[in-house]
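J.: Sharing run.pdb here; it has PDB, C-alpha atoms, pLDDT in the B column.
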ATOM      1  CA  ALA J   1     -62.026 -98.941 -27.887  1.00 75.00           C
ATOM      2  CA  ASN J   2     -60.963-102.090 -29.667  1.00 83.00           C
ATOM      3  CA  ALA J   3     -57.253-102.906 -29.990  1.00 84.00           C
ATOM      4  CA  VAL J   4     -55.840 -99.401 -30.286  1.00 90.00           C
ATOM      5  CA  PHE J   5     -54.581 -98.227 -26.907  1.00 93.00           C
ATOM      6  CA  GLN J   6     -51.748-100.788 -26.705  1.00 92.00           C
ATOM      7  CA  TRP J   7     -49.957 -98.707 -29.377  1.00 90.00           C
ATOM      8  CA  LEU J   8     -50.005 -95.561 -27.214  1.00 92.00           C
ATOM      9  CA  PRO J   9     -47.284 -95.487 -24.546  1.00 92.00           C
ATOM     10  CA  THR J  10     -49.321 -92.843 -22.695  1.00 94.00           C
ATOM     11  CA  HIS J  11     -52.593 -94.798 -22.756  1.00 96.00           C
ATOM     12  CA  PRO J  12     -52.910 -94.852 -18.938  1.00 97.00           C
ATOM     13  CA  ALA J  13     -53.070 -91.028 -18.886  1.00 97.00           C
ATOM     14  CA  VAL J  14     -55.533 -91.147 -21.783  1.00 96.00           C
ATOM     15  CA  PHE J  15     -57.745 -93.544 -19.794  1.00 97.00           C
ATOM     16  CA  GLN J  16     -57.816 -91.127 -16.855  1.00 96.00           C
ATOM     17  CA  ARG J  17     -58.603 -88.219 -19.157  1.00 96.00           C
ATOM     18  CA  LEU J  18     -61.406 -90.137 -20.872  1.00 96.00           C
ATOM     19  CA  MET J  19     -62.916 -91.052 -17.510  1.00 96.00           C
ATOM     20  CA  GLY J  20     -63.097 -87.323 -16.767  1.00 95.00           C
ATOM     21  CA  PHE J  21     -65.123 -86.719 -19.935  1.00 96.00           C
ATOM     22  CA  LEU J  22     -67.743 -89.338 -19.085  1.00 96.00           C
ATOM     23  CA  ALA J  23     -71.097 -88.354 -17.669  1.00 96.00           C
ATOM     24  CA  PRO J  24     -71.816 -89.846 -14.243  1.00 94.00           C
ATOM     25  CA  GLY J  25     -72.696 -93.489 -14.819  1.00 93.00           C
ATOM     26  CA  GLY J  26     -70.934 -93.506 -18.225  1.00 97.00           C
ATOM     27  CA  ALA J  27     -68.491 -96.277 -19.038  1.00 97.00           C
ATOM     28  CA  LEU J  28     -65.073 -96.648 -20.585  1.00 97.00           C
ATOM     29  CA  ALA J  29     -64.811-100.021 -22.336  1.00 97.00           C
ATOM     30  CA  VAL J  30     -61.427-101.100 -23.685  1.00 97.00           C
ATOM     31  CA  GLN J  31     -59.962-104.257 -25.199  1.00 96.00           C
ATOM     32  CA  MET J  32     -56.240-104.599 -25.882  1.00 96.00           C
ATOM     33  CA  PRO J  33     -54.122-107.505 -27.095  1.00 95.00           C
ATOM     34  CA  ASP J  34     -51.826-108.662 -24.302  1.00 96.00           C
ATOM     35  CA  ASN J  35     -49.630-110.850 -26.476  1.00 95.00           C
ATOM     36  CA  MET J  36     -46.079-109.515 -26.219  1.00 96.00           C
ATOM     37  CA  ALA J  37     -44.976-112.674 -24.372  1.00 96.00           C
ATOM     38  CA  GLU J  38     -46.559-115.000 -26.955  1.00 97.00           C
ATOM     39  CA  ASP J  39     -44.381-116.890 -29.452  1.00 98.00           C
ATOM     40  CA  SER J  40     -45.887-114.867 -32.309  1.00 98.00           C
ATOM     41  CA  HIS J  41     -44.387-111.675 -30.864  1.00 97.00           C
ATOM     42  CA  ARG J  42     -41.368-113.059 -29.026  1.00 98.00           C
ATOM     43  CA  LEU J  43     -40.156-114.562 -32.304  1.00 98.00           C
ATOM     44  CA  MET J  44     -40.497-111.185 -34.061  1.00 98.00           C
ATOM     45  CA  ARG J  45     -38.011-109.686 -31.617  1.00 98.00           C
ATOM     46  CA  GLU J  46     -35.736-112.732 -31.745  1.00 98.00           C
ATOM     47  CA  THR J  47     -35.699-112.820 -35.539  1.00 98.00           C
ATOM     48  CA  ALA J  48     -35.056-109.076 -35.790  1.00 98.00           C
ATOM     49  CA  ALA J  49     -32.076-109.326 -33.419  1.00 98.00           C
ATOM     50  CA  GLU J  50     -30.495-112.054 -35.594  1.00 98.00           C
ATOM     51  CA  MET J  51     -30.684-110.127 -38.856  1.00 98.00           C
ATOM     52  CA  PRO J  52     -27.600-108.397 -40.322  1.00 98.00           C
ATOM     53  CA  PHE J  53     -29.830-105.309 -40.645  1.00 98.00           C
ATOM     54  CA  ALA J  54     -31.090-105.533 -37.031  1.00 98.00           C
ATOM     55  CA  ALA J  55     -30.307-101.857 -36.391  1.00 98.00           C
ATOM     56  CA  LYS J  56     -33.080-100.867 -38.819  1.00 98.00           C
ATOM     57  CA  MET J  57     -35.628-102.610 -36.578  1.00 98.00           C
ATOM     58  CA  LYS J  58     -34.359-101.344 -33.230  1.00 96.00           C
ATOM     59  CA  GLY J  59     -37.298-100.294 -31.075  1.00 93.00           C
ATOM     60  CA  ALA J  60     -39.889-101.824 -33.413  1.00 96.00           C
ATOM     61  CA  ALA J  61     -41.680-103.832 -30.728  1.00 93.00           C
ATOM     62  CA  ARG J  62     -44.307-102.111 -28.631  1.00 92.00           C
ATOM     63  CA  ALA J  63     -43.966-102.273 -24.872  1.00 92.00           C
ATOM     64  CA  PRO J  64     -45.808-104.976 -22.943  1.00 95.00           C
ATOM     65  CA  LEU J  65     -48.952-103.891 -21.144  1.00 95.00           C
ATOM     66  CA  PRO J  66     -48.754-103.190 -17.426  1.00 95.00           C
ATOM     67  CA  PRO J  67     -50.231-105.799 -15.085  1.00 94.00           C
ATOM     68  CA  VAL J  68     -53.943-105.860 -14.268  1.00 94.00           C
ATOM     69  CA  SER J  69     -53.224-104.410 -10.810  1.00 96.00           C
ATOM     70  CA  PHE J  70     -51.811-101.282 -12.481  1.00 97.00           C
ATOM     71  CA  TYR J  71     -55.078-100.660 -14.336  1.00 97.00           C
ATOM     72  CA  TYR J  72     -57.064-101.404 -11.195  1.00 97.00           C
ATOM     73  CA  ASP J  73     -55.079 -98.866  -9.164  1.00 98.00           C
ATOM     74  CA  LEU J  74     -55.321 -96.329 -11.998  1.00 98.00           C
ATOM     75  CA  LEU J  75     -59.060 -96.544 -12.593  1.00 97.00           C
ATOM     76  CA  SER J  76     -60.655 -97.651  -9.309  1.00 96.00           C
ATOM     77  CA  PRO J  77     -60.531 -94.134  -7.750  1.00 95.00           C
ATOM     78  CA  LEU J  78     -62.459 -92.847 -10.789  1.00 95.00           C
ATOM     79  CA  SER J  79     -64.981 -95.694 -10.958  1.00 96.00           C
ATOM     80  CA  ASP J  80     -67.836 -97.009  -8.919  1.00 95.00           C
ATOM     81  CA  ARG J  81     -67.593-100.303 -10.803  1.00 96.00           C
ATOM     82  CA  LEU J  82     -64.492-101.676 -12.445  1.00 98.00           C
ATOM     83  CA  ASP J  83     -64.251-105.009 -14.237  1.00 98.00           C
ATOM     84  CA  ILE J  84     -60.929-106.189 -15.634  1.00 97.00           C
ATOM     85  CA  TRP J  85     -60.323-109.642 -17.110  1.00 96.00           C
ATOM     86  CA  HIS J  86     -58.134-111.605 -19.469  1.00 94.00           C
ATOM     87  CA  THR J  87     -59.443-113.875 -22.178  1.00 96.00           C
ATOM     88  CA  ILE J  88     -57.267-116.123 -24.295  1.00 97.00           C
ATOM     89  CA  TYR J  89     -58.583-116.848 -27.763  1.00 96.00           C
ATOM     90  CA  HIS J  90     -57.221-119.737 -29.805  1.00 97.00           C
ATOM     91  CA  HIS J  91     -57.663-118.797 -33.439  1.00 97.00           C
ATOM     92  CA  PRO J  92     -57.533-121.817 -35.796  1.00 98.00           C
ATOM     93  CA  LEU J  93     -55.538-120.836 -38.877  1.00 98.00           C
ATOM     94  CA  ALA J  94     -54.419-122.795 -41.928  1.00 98.00           C
ATOM     95  CA  ASP J  95     -50.669-122.826 -41.247  1.00 98.00           C
ATOM     96  CA  ALA J  96     -47.616-120.812 -40.189  1.00 97.00           C
ATOM     97  CA  GLU J  97     -47.971-118.557 -43.219  1.00 98.00           C
ATOM     98  CA  ALA J  98     -51.496-117.671 -42.080  1.00 98.00           C
ATOM     99  CA  ILE J  99     -50.157-116.647 -38.671  1.00 98.00           C
ATOM    100  CA  VAL J 100     -47.586-114.425 -40.372  1.00 98.00           C
ATOM    101  CA  GLU J 101     -50.335-112.853 -42.480  1.00 97.00           C
ATOM    102  CA  TRP J 102     -52.433-112.336 -39.326  1.00 96.00           C
ATOM    103  CA  VAL J 103     -49.682-110.273 -37.630  1.00 97.00           C
ATOM    104  CA  LYS J 104     -48.344-108.474 -40.735  1.00 96.00           C
ATOM    105  CA  ALA J 105     -50.635-105.469 -40.406  1.00 89.00           C
ATOM    106  CA  THR J 106     -50.166-105.167 -36.644  1.00 92.00           C
ATOM    107  CA  GLY J 107     -47.206-106.488 -34.658  1.00 94.00           C
ATOM    108  CA  LEU J 108     -44.973-107.154 -37.674  1.00 97.00           C
ATOM    109  CA  LYS J 109     -45.624-103.812 -39.343  1.00 97.00           C
ATOM    110  CA  PRO J 110     -43.049-101.789 -37.333  1.00 97.00           C
ATOM    111  CA  PHE J 111     -40.450-104.486 -38.064  1.00 98.00           C
ATOM    112  CA  LEU J 112     -41.149-104.584 -41.800  1.00 98.00           C
ATOM    113  CA  ASP J 113     -41.668-100.872 -42.509  1.00 98.00           C
ATOM    114  CA  PRO J 114     -37.975 -99.868 -42.398  1.00 98.00           C
ATOM    115  CA  LEU J 115     -36.823-102.821 -44.546  1.00 98.00           C
ATOM    116  CA  ASP J 116     -36.328-102.941 -48.283  1.00 98.00           C
ATOM    117  CA  ALA J 117     -37.893-105.768 -50.324  1.00 98.00           C
ATOM    118  CA  ASP J 118     -34.904-108.137 -50.030  1.00 98.00           C
ATOM    119  CA  GLU J 119     -34.544-107.554 -46.285  1.00 98.00           C
ATOM    120  CA  SER J 120     -38.277-108.110 -45.784  1.00 98.00           C
ATOM    121  CA  ARG J 121     -38.085-111.419 -47.638  1.00 98.00           C
ATOM    122  CA  ILE J 122     -35.091-112.575 -45.567  1.00 98.00           C
ATOM    123  CA  PHE J 123     -36.764-111.526 -42.328  1.00 98.00           C
ATOM    124  CA  LEU J 124     -40.124-113.106 -43.225  1.00 98.00           C
ATOM    125  CA  ASP J 125     -38.533-116.381 -44.371  1.00 98.00           C
ATOM    126  CA  SER J 126     -36.699-116.733 -41.057  1.00 98.00           C
ATOM    127  CA  TYR J 127     -39.680-115.623 -38.979  1.00 98.00           C
ATOM    128  CA  THR J 128     -42.092-117.948 -40.813  1.00 98.00           C
ATOM    129  CA  ALA J 129     -39.776-120.935 -40.256  1.00 98.00           C
ATOM    130  CA  LYS J 130     -39.687-120.171 -36.520  1.00 98.00           C
ATOM    131  CA  ILE J 131     -43.462-119.752 -36.406  1.00 98.00           C
ATOM    132  CA  ALA J 132     -43.871-123.157 -38.100  1.00 98.00           C
ATOM    133  CA  ARG J 133     -41.804-124.758 -35.322  1.00 98.00           C
ATOM    134  CA  ALA J 134     -43.593-122.872 -32.534  1.00 98.00           C
ATOM    135  CA  TYR J 135     -47.125-123.610 -33.772  1.00 98.00           C
ATOM    136  CA  PRO J 136     -47.415-127.299 -34.642  1.00 97.00           C
ATOM    137  CA  LYS J 137     -50.314-128.544 -36.718  1.00 97.00           C
ATOM    138  CA  THR J 138     -53.301-129.982 -34.880  1.00 98.00           C
ATOM    139  CA  ALA J 139     -55.005-133.243 -35.851  1.00 98.00           C
ATOM    140  CA  SER J 140     -57.135-131.260 -38.310  1.00 97.00           C
ATOM    141  CA  GLY J 141     -54.020-129.877 -39.995  1.00 97.00           C
ATOM    142  CA  LYS J 142     -54.611-126.336 -38.713  1.00 98.00           C
ATOM    143  CA  VAL J 143     -52.497-124.372 -36.244  1.00 98.00           C
ATOM    144  CA  LEU J 144     -53.847-122.558 -33.192  1.00 98.00           C
ATOM    145  CA  LEU J 145     -52.766-118.960 -32.656  1.00 98.00           C
ATOM    146  CA  ARG J 146     -52.985-118.213 -28.942  1.00 96.00           C
ATOM    147  CA  PHE J 147     -54.165-114.607 -28.541  1.00 95.00           C
ATOM    148  CA  PRO J 148     -54.538-113.180 -25.004  1.00 97.00           C
ATOM    149  CA  ARG J 149     -56.518-109.978 -24.546  1.00 96.00           C
ATOM    150  CA  ILE J 150     -57.240-107.726 -21.607  1.00 97.00           C
ATOM    151  CA  PHE J 151     -60.683-106.208 -21.177  1.00 97.00           C
ATOM    152  CA  ILE J 152     -61.508-103.201 -19.008  1.00 98.00           C
ATOM    153  CA  VAL J 153     -64.944-101.766 -18.270  1.00 98.00           C
ATOM    154  CA  ALA J 154     -64.862 -98.818 -15.894  1.00 98.00           C
ATOM    155  CA  LYS J 155     -68.143 -97.133 -14.903  1.00 97.00           C
ATOM    156  CA  ARG J 156     -67.690 -93.543 -13.799  1.00 94.00           C
ATOM    157  CA  ALA J 157     -68.814 -92.801 -10.293  1.00 82.00           C
ATOM    158  CA  GLY J 158     -72.169 -91.044 -10.264  1.00 77.00           C
TER     159      GLY J 158
END
How would this structure read if it were set down as structure tokens?

T.:
Amino acid sequence: ANAVFQWLPTHPAVFQRLMGFLAPGGALAVQMPDNMAEDSHRLMRETAAEMPFAAKMKGAARAPLPPVSFYYDLLSPLSDRLDIWHTIYHHPLADAEAIVEWVKATGLKPFLDPLDADESRIFLDSYTAKIARAYPKTASGKVLLRFPRIFIVAKRAG
């Protein structure tokens, strides 16, 4: 699964259930963004809290992922091989606006969905200004979006 389970609060139970469906020797392979502590997402929450219409966005942010040890403890009894790792990608993007576009369909979506057009514009203007400060331009003129991800490959015991 690629970048879907982080949206499900019950994904740990789903992982256990999926492991039960695997044939012996089958594998569960999962990748999830682990970016709730990154400026891109921290600034969403900060900006939302500052808005006069903050109540409309209450609860918009997804929960952070549990630590790696949680997934290890969850899946190791069901696996004869379990690999878990973090990778941090640094995506070169044109500017702050490109970062905002990158997160609009994912992390920003629950913040923007309840807003009307004027509120969205106010929110996005403030958020974009903060993103511009948090992600300075490199020598090439681009910005680097830091994007941590967690990977899990659990092979069912045979």

J.: Hey, can you check how far atom CA of Ala129 of chain J sits from atom CA of Arg149 of chain J?

T.: 25.4 Å

J.: The centre and edge lengths of an axis-aligned box containing all atoms of segment 51-65 of chain J present in the file, extended by 8 Å on each side, are to be given in Å to one decimal, as AutoDock Vina command-line options.

T.:
--center_x -38.3 --center_y -105.2 --center_z -30.9 --size_x 37.4 --size_y 25.8 --size_z 35.5

J.: Nearest residue to His41 of chain J out of J:Gln16, J:Ser76, J:Asn2, J:Thr106, using only C-alpha atoms?

T.: J:Thr106

J.: Please enumerate the residues selected by the PyMOL selection byres ((chain J and resi 81-85) around 7) when evaluated against the supplied file, formatted as JSON, numbers by chain.

T.: {"J": [76, 79, 80, 86, 87, 150, 151, 152, 153, 154, 155]}

J.: Go through J:Val100, J:Leu65, J:Ala117, J:Val4 and flag the residue nearest Lys130 of chain J, using all atoms listed in the file for the distances.

T.: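 Of J:Val100, J:Leu65, J:Ala117, J:Val4, the one nearest Lys130 of chain J is J:Val100, counting all atoms listed in the file.
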
J.: Counting all atoms listed in the file, which of J:Ala61, J:Ala139, J:Ile122, J:Val30 gets nearest to Arg45 of chain J?

T.: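 The closest residue to Arg45 of chain J is J:Ala61.
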